[in-house]
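J.: Just one file: query-v9.csv, with CSV, C-alpha atoms.
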chain,number,residue,atom,x,y,z
S,1,MET,CA,-19.2,-25.7,-2.9
S,2,ASN,CA,-15.5,-26.6,-2.6
S,3,GLN,CA,-13.5,-25.7,0.5
S,4,LEU,CA,-11.6,-22.9,-1.2
S,5,ASP,CA,-14.9,-21.1,-2.1
S,6,ALA,CA,-16.3,-21.9,1.4
S,7,LEU,CA,-13.1,-20.5,3.0
S,8,LYS,CA,-13.5,-17.2,1.1
S,9,GLN,CA,-16.8,-16.7,2.9
S,10,PHE,CA,-15.0,-16.3,6.2
S,11,THR,CA,-11.5,-15.3,5.4
S,12,THR,CA,-9.6,-13.3,2.8
S,13,VAL,CA,-7.6,-15.8,0.8
S,14,VAL,CA,-4.1,-14.8,-0.2
S,15,ALA,CA,-1.7,-16.7,-2.6
S,16,ASP,CA,1.8,-17.3,-1.3
S,17,THR,CA,3.9,-17.5,-4.5
S,18,GLY,CA,6.2,-15.6,-6.8
S,19,ASP,CA,4.8,-17.7,-9.7
S,20,PHE,CA,2.2,-15.2,-10.8
S,21,LYS,CA,1.0,-17.3,-13.7
S,22,GLN,CA,-0.6,-19.7,-11.2
S,23,LEU,CA,-2.8,-16.9,-9.7
S,24,GLY,CA,-5.7,-16.8,-12.1
S,25,ALA,CA,-6.9,-20.3,-11.3
S,26,PHE,CA,-7.5,-19.5,-7.6
S,27,GLN,CA,-8.7,-15.9,-7.8
S,28,PRO,CA,-7.0,-14.8,-4.5
S,29,GLN,CA,-7.6,-11.3,-3.1
S,30,ASP,CA,-4.0,-10.6,-2.2
S,31,ALA,CA,-0.6,-12.2,-2.8
S,32,THR,CA,2.6,-12.6,-0.8
S,33,THR,CA,6.2,-13.1,-1.9
S,34,ASN,CA,9.5,-13.6,-0.1
S,35,PRO,CA,13.1,-14.0,-1.2
S,36,SER,CA,12.9,-17.8,-1.4
S,37,LEU,CA,9.8,-17.7,-3.6
S,38,ILE,CA,11.3,-15.1,-6.0
S,39,LEU,CA,14.5,-17.1,-6.2
S,40,LYS,CA,12.5,-20.2,-7.1
S,41,ALA,CA,10.5,-18.3,-9.7
S,42,VAL,CA,13.4,-16.6,-11.6
S,43,GLN,CA,15.0,-20.0,-12.1
S,44,LYS,CA,12.0,-21.1,-14.2
S,45,PRO,CA,12.2,-20.3,-18.0
S,46,ASP,CA,9.0,-18.4,-17.9
S,47,TYR,CA,10.4,-15.8,-15.4
S,48,ALA,CA,14.1,-15.7,-16.3
S,49,PRO,CA,13.5,-12.7,-18.7
S,50,LEU,CA,12.3,-10.6,-15.8
S,51,LEU,CA,15.7,-11.0,-14.1
S,52,LYS,CA,17.6,-10.4,-17.4
S,53,ASP,CA,15.5,-7.3,-18.1
S,54,ALA,CA,16.1,-5.8,-14.7
S,55,VAL,CA,19.9,-6.3,-15.0
S,56,ALA,CA,20.0,-5.0,-18.6
S,57,GLN,CA,18.1,-1.8,-17.7
S,58,PHE,CA,19.9,-1.0,-14.4
S,59,ARG,CA,23.3,-2.7,-14.7
S,60,SER,CA,25.1,0.5,-13.6
S,61,ARG,CA,23.1,0.8,-10.4
S,62,PRO,CA,24.0,-0.8,-7.0
S,63,LEU,CA,23.2,-4.5,-6.7
S,64,ASP,CA,20.6,-3.9,-3.9
S,65,GLU,CA,18.7,-1.4,-6.1
S,66,ILE,CA,18.6,-3.9,-9.0
S,67,MET,CA,17.3,-6.5,-6.5
S,68,ASP,CA,14.5,-4.1,-5.4
S,69,ARG,CA,13.6,-3.3,-9.0
S,70,LEU,CA,13.3,-7.1,-9.7
S,71,LEU,CA,11.1,-7.6,-6.6
S,72,VAL,CA,8.9,-4.6,-7.7
S,73,ARG,CA,8.7,-6.0,-11.3
S,74,PHE,CA,7.3,-9.3,-9.9
S,75,GLY,CA,4.9,-7.3,-7.6
S,76,CYS,CA,3.6,-5.3,-10.5
S,77,GLU,CA,2.9,-8.4,-12.5
S,78,ILE,CA,1.1,-9.9,-9.6
S,79,LEU,CA,-1.0,-6.7,-9.1
S,80,SER,CA,-2.1,-6.9,-12.7
S,81,ILE,CA,-3.8,-10.2,-11.9
S,82,ILE,CA,-5.2,-9.8,-8.3
S,83,PRO,CA,-7.6,-7.1,-7.1
S,84,GLY,CA,-5.9,-6.5,-3.7
S,85,ARG,CA,-2.4,-6.1,-2.3
S,86,VAL,CA,1.0,-7.6,-2.8
S,87,SER,CA,3.6,-8.1,0.0
S,88,THR,CA,7.2,-7.4,-1.0
S,89,GLU,CA,9.9,-8.2,1.5
S,90,VAL,CA,12.8,-6.0,2.6
S,91,ASP,CA,16.2,-7.7,2.4
S,92,ALA,CA,16.4,-10.0,5.4
S,93,ARG,CA,20.0,-9.0,5.9
S,94,LEU,CA,18.6,-5.7,7.3
S,95,SER,CA,16.5,-7.5,10.0
S,96,PHE,CA,18.5,-5.9,12.8
S,97,ASP,CA,18.9,-2.4,11.3
S,98,THR,CA,15.9,-0.1,11.9
S,99,ASN,CA,17.1,2.8,9.8
S,100,ALA,CA,18.2,0.7,6.8
S,101,THR,CA,14.9,-1.2,6.9
S,102,VAL,CA,12.9,2.1,6.8
S,103,ALA,CA,15.0,3.4,3.9
S,104,ARG,CA,14.6,0.2,1.9
S,105,GLY,CA,10.8,0.1,2.5
S,106,GLU,CA,10.6,3.7,1.4
S,107,ARG,CA,12.5,2.9,-1.8
S,108,LEU,CA,10.3,-0.1,-2.6
S,109,ILE,CA,7.3,2.1,-2.3
S,110,GLU,CA,8.9,4.8,-4.5
S,111,LEU,CA,9.6,2.2,-7.2
S,112,TYR,CA,6.0,0.9,-7.1
S,113,GLN,CA,4.7,4.5,-7.4
S,114,ALA,CA,7.0,5.0,-10.4
S,115,HIS,CA,5.0,2.2,-12.0
S,116,GLY,CA,1.8,3.9,-11.2
S,117,ILE,CA,0.9,1.5,-8.3
S,118,PRO,CA,-1.0,3.2,-5.4
S,119,ILE,CA,0.6,3.0,-2.0
S,120,ASP,CA,-2.3,1.2,-0.5
S,121,ARG,CA,-1.8,-1.8,-2.8
S,122,VAL,CA,1.6,-2.7,-1.4
S,123,LEU,CA,2.6,-4.1,2.0
S,124,ILE,CA,6.3,-3.9,2.9
S,125,LYS,CA,7.3,-7.2,4.6
S,126,VAL,CA,9.7,-6.9,7.5
S,127,ALA,CA,11.0,-9.5,9.9
S,128,ALA,CA,9.4,-9.2,13.3
S,129,THR,CA,12.6,-8.5,15.2
S,130,TRP,CA,12.5,-5.7,17.7
S,131,GLU,CA,14.3,-3.5,15.2
S,132,GLY,CA,12.0,-4.6,12.4
S,133,ILE,CA,8.9,-3.7,14.4
S,134,GLN,CA,10.3,-0.3,15.2
S,135,ALA,CA,11.0,0.3,11.5
S,136,ALA,CA,7.4,-0.8,10.7
S,137,GLU,CA,6.0,1.7,13.2
S,138,GLN,CA,8.0,4.5,11.5
S,139,LEU,CA,6.8,3.3,8.0
S,140,GLU,CA,3.2,3.2,9.1
S,141,ARG,CA,3.4,6.8,10.4
S,142,ARG,CA,4.6,7.7,6.9
S,143,GLY,CA,1.6,6.1,5.3
S,144,ILE,CA,3.5,3.0,4.2
S,145,HIS,CA,1.7,-0.2,5.3
S,146,THR,CA,3.6,-3.2,6.5
S,147,ASN,CA,3.4,-7.0,6.9
S,148,LEU,CA,5.4,-8.3,9.8
S,149,THR,CA,6.7,-11.8,8.9
S,150,LEU,CA,8.7,-14.5,10.6
S,151,LEU,CA,6.3,-14.2,13.6
S,152,PHE,CA,6.4,-17.2,15.9
S,153,SER,CA,5.6,-15.8,19.4
S,154,PHE,CA,2.9,-14.1,21.3
S,155,CYS,CA,5.2,-11.3,22.4
S,156,GLN,CA,6.0,-10.5,18.7
S,157,ALA,CA,2.3,-10.2,18.0
S,158,VAL,CA,1.7,-7.9,21.0
S,159,ALA,CA,4.6,-5.6,20.0
S,160,CYS,CA,3.3,-5.5,16.5
S,161,GLY,CA,-0.1,-4.5,17.8
S,162,GLN,CA,1.4,-1.8,19.9
S,163,ALA,CA,3.3,-0.5,16.8
S,164,LYS,CA,-0.1,-0.3,14.9
S,165,VAL,CA,1.3,-2.3,11.9
S,166,GLN,CA,-1.2,-3.1,9.2
S,167,LEU,CA,-0.8,-6.9,9.2
S,168,ILE,CA,1.1,-9.7,10.8
S,169,SER,CA,2.0,-13.2,9.4
S,170,PRO,CA,2.2,-15.7,12.2
S,171,PHE,CA,3.8,-18.9,10.9
S,172,VAL,CA,1.8,-22.1,11.5
S,173,GLY,CA,3.8,-24.8,9.7
S,174,ARG,CA,7.2,-23.8,11.1
S,175,ILE,CA,5.8,-23.9,14.6
S,176,TYR,CA,4.3,-27.3,13.9
S,177,ASP,CA,7.7,-28.4,12.5
S,178,TRP,CA,9.6,-27.4,15.7
S,179,TYR,CA,7.2,-29.1,18.1
S,180,LYS,CA,7.1,-32.3,16.0
S,181,LYS,CA,10.9,-32.5,15.8
S,182,SER,CA,11.2,-31.7,19.5
S,183,ALA,CA,8.7,-34.4,20.5
S,184,GLY,CA,10.4,-37.0,18.3
S,185,ALA,CA,9.0,-40.5,18.8
S,186,ASN,CA,6.5,-39.1,21.4
S,187,TRP,CA,4.7,-37.1,18.7
S,188,VAL,CA,1.2,-38.5,18.0
S,189,GLU,CA,0.0,-36.8,14.8
S,190,ALA,CA,-3.7,-37.4,15.5
S,191,ASP,CA,-3.5,-35.9,18.9
S,192,ARG,CA,-1.8,-32.7,17.6
S,193,ALA,CA,-3.9,-32.1,14.5
S,194,ASN,CA,-6.4,-29.4,13.6
S,195,ALA,CA,-7.3,-27.3,16.6
S,196,ASN,CA,-4.7,-29.1,18.7
S,197,ASP,CA,-1.9,-28.2,16.3
S,198,PRO,CA,0.6,-25.9,18.1
S,199,GLY,CA,0.8,-23.6,15.1
S,200,VAL,CA,-3.0,-23.3,14.9
S,201,GLN,CA,-3.1,-22.7,18.6
S,202,SER,CA,-0.6,-19.8,18.3
S,203,VAL,CA,-2.6,-18.0,15.6
S,204,THR,CA,-5.8,-18.6,17.5
S,205,GLN,CA,-4.3,-17.0,20.6
S,206,ILE,CA,-3.1,-14.0,18.7
S,207,TYR,CA,-6.5,-13.6,16.8
S,208,ASN,CA,-8.5,-13.8,20.0
S,209,TYR,CA,-6.2,-11.3,21.8
S,210,TYR,CA,-6.4,-8.8,18.9
S,211,LYS,CA,-10.2,-9.0,18.7
S,212,LYS,CA,-10.6,-8.9,22.5
S,213,TYR,CA,-8.8,-5.6,22.7
S,214,GLY,CA,-9.9,-4.0,19.4
S,215,ILE,CA,-6.4,-4.1,17.9
S,216,ALA,CA,-6.8,-3.2,14.2
S,217,THR,CA,-3.7,-5.1,13.0
S,218,GLU,CA,-4.8,-7.8,10.6
S,219,VAL,CA,-3.9,-11.4,11.3
S,220,MET,CA,-2.8,-13.5,8.3
S,221,GLY,CA,-1.9,-17.1,9.1
S,222,ALA,CA,1.0,-18.3,7.0
S,223,SER,CA,3.3,-21.2,6.3
S,224,PHE,CA,0.9,-24.2,6.1
S,225,ARG,CA,1.9,-27.8,6.0
S,226,ASN,CA,-1.6,-29.4,5.5
S,227,VAL,CA,-5.2,-28.4,4.7
S,228,GLY,CA,-6.2,-29.2,8.3
S,229,GLN,CA,-4.2,-26.3,9.6
S,230,ILE,CA,-6.0,-24.0,7.1
S,231,THR,CA,-9.5,-25.2,7.8
S,232,SER,CA,-8.9,-25.0,11.6
S,233,LEU,CA,-8.3,-21.2,11.1
S,234,ALA,CA,-11.3,-20.5,8.9
S,235,GLY,CA,-12.5,-17.1,10.1
S,236,CYS,CA,-9.0,-15.6,10.6
S,237,ASP,CA,-8.7,-12.2,8.9
S,238,LEU,CA,-6.5,-13.6,6.1
S,239,LEU,CA,-4.7,-16.8,5.3
S,240,THR,CA,-1.8,-16.9,2.8
S,241,ILE,CA,-1.6,-20.3,1.1
S,242,SER,CA,0.7,-22.0,-1.4
S,243,PRO,CA,-0.7,-22.9,-4.8
S,244,ASP,CA,-0.5,-26.7,-4.0
S,245,LEU,CA,-2.7,-26.3,-1.0
S,246,LEU,CA,-5.0,-23.9,-2.8
S,247,ALA,CA,-5.5,-26.6,-5.4
S,248,THR,CA,-6.2,-29.2,-2.7
S,249,LEU,CA,-8.9,-26.9,-1.1
S,250,ALA,CA,-10.4,-26.3,-4.6
S,251,ALA,CA,-10.7,-30.1,-5.1
S,252,THR,CA,-12.2,-30.9,-1.7
S,253,HIS,CA,-16.0,-30.6,-1.1
S,254,THR,CA,-16.2,-31.6,2.6
S,255,PRO,CA,-18.3,-28.9,4.4
S,256,LEU,CA,-16.3,-26.1,6.1
S,257,GLU,CA,-17.4,-24.2,9.1
S,258,ARG,CA,-16.0,-21.0,10.7
S,259,ALA,CA,-13.4,-21.8,13.4
S,260,LEU,CA,-12.4,-18.3,14.6
S,261,ASP,CA,-15.0,-15.7,15.6
S,262,ALA,CA,-14.4,-12.1,16.8
S,263,THR,CA,-17.6,-12.1,18.8
S,264,HIS,CA,-16.5,-15.1,20.8
S,265,ALA,CA,-13.0,-13.7,21.3
S,266,GLN,CA,-14.4,-10.5,22.8
S,267,GLN,CA,-16.1,-12.5,25.5
S,268,LEU,CA,-12.8,-14.2,26.6
S,269,ASP,CA,-11.0,-13.3,29.8
S,270,LEU,CA,-7.5,-12.4,28.5
S,271,GLN,CA,-4.8,-10.4,30.2
S,272,HIS,CA,-3.7,-7.2,28.4
S,273,LEU,CA,0.0,-7.0,27.9
S,274,HIS,CA,2.6,-4.3,26.9
S,275,PHE,CA,6.2,-4.8,26.0
S,276,ASP,CA,9.1,-2.4,26.1
S,277,GLU,CA,12.3,-3.5,24.4
S,278,ALA,CA,13.8,-5.3,27.5
S,279,GLY,CA,10.5,-7.1,28.1
S,280,PHE,CA,10.1,-8.1,24.5
S,281,ARG,CA,13.7,-9.4,24.3
S,282,PHE,CA,13.2,-11.4,27.5
S,283,ALA,CA,9.9,-12.9,26.5
S,284,LEU,CA,11.2,-13.9,23.1
S,285,ASN,CA,14.3,-15.4,24.8
S,286,GLU,CA,12.0,-17.4,27.1
S,287,ASP,CA,10.3,-19.0,24.0
S,288,ALA,CA,12.9,-21.5,22.7
S,289,MET,CA,10.8,-22.3,19.6
S,290,ALA,CA,10.3,-18.7,18.6
S,291,THR,CA,13.9,-17.8,19.2
S,292,GLU,CA,15.2,-20.7,17.1
S,293,LYS,CA,12.7,-20.3,14.3
S,294,LEU,CA,13.1,-16.6,14.0
S,295,ALA,CA,16.9,-16.9,13.7
S,296,GLU,CA,16.6,-19.9,11.3
S,297,GLY,CA,14.1,-18.0,9.1
S,298,ILE,CA,16.3,-14.9,8.8
S,299,ARG,CA,19.3,-17.1,8.0
S,300,ALA,CA,17.4,-19.0,5.3
S,301,PHE,CA,16.1,-15.8,3.7
S,302,CYS,CA,19.6,-14.3,3.8
S,303,VAL,CA,21.0,-17.4,2.0
S,304,ASP,CA,18.4,-17.1,-0.7
S,305,ALA,CA,19.0,-13.3,-1.0
S,306,VAL,CA,22.7,-14.0,-1.6
S,307,LYS,CA,21.8,-16.6,-4.3
S,308,LEU,CA,19.6,-14.0,-6.0
S,309,ASP,CA,22.5,-11.6,-5.8
S,310,GLN,CA,24.7,-14.1,-7.6
S,311,LEU,CA,22.1,-14.7,-10.3
S,312,LEU,CA,21.8,-10.9,-10.9
S,313,LEU,CA,25.6,-10.6,-11.1
S,314,ALA,CA,25.8,-13.5,-13.6
S,315,ALA,CA,23.0,-12.2,-15.8
Kindly return the structure encoded in the file as structure tokens.
T.:
Amino acid sequence: MNQLDALKQFTTVVADTGDFKQLGAFQPQDATTNPSLILKAVQKPDYAPLLKDAVAQFRSRPLDEIMDRLLVRFGCEILSIIPGRVSTEVDARLSFDTNATVARGERLIELYQAHGIPIDRVLIKVAATWEGIQAAEQLERRGIHTNLTLLFSFCQAVACGQAKVQLISPFVGRIYDWYKKSAGANWVEADRANANDPGVQSVTQIYNYYKKYGIATEVMGASFRNVGQITSLAGCDLLTISPDLLATLAATHTPLERALDATHAQQLDLQHLHFDEAGFRFALNEDAMATEKLAEGIRAFCVDAVKLDQLLLAA
């Protein structure tokens, strides 16, 4: 058995791509997209017609609506291939606007429903800012399920659990990147690999906390740099993985064992936490890595959203 098939015994495997023509080879349950992945996809000849079609049909509509229609078009194509859910992201430029995020999430769902897609096959991706988490809580109360992304800190995960969001996407690789850069010449890769990887440790802490306290929010590790990070999280609820790393797993036949276990987590002695807005903002501020990576991630997604806008205007 290859490692991809072995992983599927413990964990729901999700493909992290906008390139839906790659999905069939790996047979993931779900798929995730983001502005950067969609931007990358529409610049390929195979996908350029999707962008042109969206503009041709809705040229008279506001630019943000054309953007949403393009994202939904990609999502529908993905859903025609996978059996599960697709995650579609709200414009990152709304990351600090609760009301606008709610409105955009509702519109995305309406567009999916107009294509005949059931509401439970879509997760609305929202940045895990305080405002984003509050928006997700409102969307969940309206029956719209959410995926809280750009999640780097434990306080973000606790607040998402309090908000009863459907799913969170703690980022492994970007945490790893920060600590490696911070350590500089003192970084010893072998000492910080696998279970000692700071990104793996972050997801493990969140998973154990959720299972200890019966928090129903699903944990989906994301943003991987190497296969060791993935295999060290075998047993996590879900893992969203790029096509390149999916291919590596499929080509590897080293035995794979469960790393995370809910029964073990329930036996741990963990402090129960609760964050109000002030406490959340202070805890996030105290975590230099999370503060920097959250801001950096939002900026990067905004840059790519602007580039996608420009492609739509030029089409």
J.: Would you mind telling me which residue in S:Leu239, S:Ala259, S:Leu233, S:Val200 lies nearest to Asp30 (chain S) when using only C-alpha atoms?
T.: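 Counting only C-alpha atoms, the residue closest to Asp30 (chain S) is S:Leu239.
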J.: So which one's closest to Gly105 (chain S), S:Val86, S:Arg73, S:Gln271, S:Thr146? Using all atoms listed in the file, please.
T.: S:Thr146
J.: I'd like the contact shell of Ile206 (chain S) - 8 Å cut-off, all atoms listed in the file, skipping same-chain residues fewer than 6 positions apart - returned as a list of chain:residue names.
T.: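 In the requested form, the answer reads S:Phe154, S:Ala157, S:Val219.
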J.: Would you be able to write out as a PyMOL selection string which residues have an atom within 7 Å of (-7.8, -9.2, 24.2) in the file's coordinates, counting all atoms listed in the file?
T.: chain S and resi 208-213+266+270-272
J.: Need to verify the contact set: region 296-306 of chain S, 7 Å, all atoms listed in the file, exclusion of same-chain residues closer than 5 positions in sequence. Can you return it as a PyMOL selection string?
T.: chain S and resi 35-36+39+92-93+150
J.: Ranking S:Leu7, S:Val172, S:Ile241, S:Ala193 by minimum distance to Phe152 (chain S) and counting all atoms listed in the file, which one comes first?
T.: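 Using all atoms listed in the file, Phe152 (chain S) sits closest to S:Val172.
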J.: For Cys236 (chain S), which residue out of S:Ala54, S:Leu139, S:Val122, S:Ala265 is the nearest one, using only C-alpha atoms?
T.: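 That would be S:Ala265, the residue with the smallest distance to Cys236 (chain S).
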J.: So which residues are close to (9.6, -4.3, 12.5), meaning at most 12 Å away in the file's coordinates with only C-alpha atoms counted, and can you show them as a ChimeraX atom specification?
T.: /S:89-90,92,94-102,105,124-140,145-151,156-157,159-168
J.: Please indicate the distance in Å from CA of Arg225 (chain S) to CA of Arg281 (chain S), rounded to one decimal place.
T.: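 CA of Arg281 (chain S) lies at a distance of 28.5 Å from CA of Arg225 (chain S).
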J.: One decimal, in Å: what's the spacing between CA of Glu106 (chain S) and CA of Gly18 (chain S)?
T.: 21.4 Å
J.: Which residues are close to region 83-85 of chain S, i.e. within 8 Å by only C-alpha atoms, leaving aside same-chain residues fewer than 5 positions away? Reply as JSON, numbers by chain.
T.: {"S": [29, 30, 31, 120, 121, 122, 123]}
J.: Of the candidates S:Ile81, S:Arg59, S:Gly228, S:Ala41, which one gets nearest to Ala190 (chain S) if we count only C-alpha atoms?
T.: S:Gly228
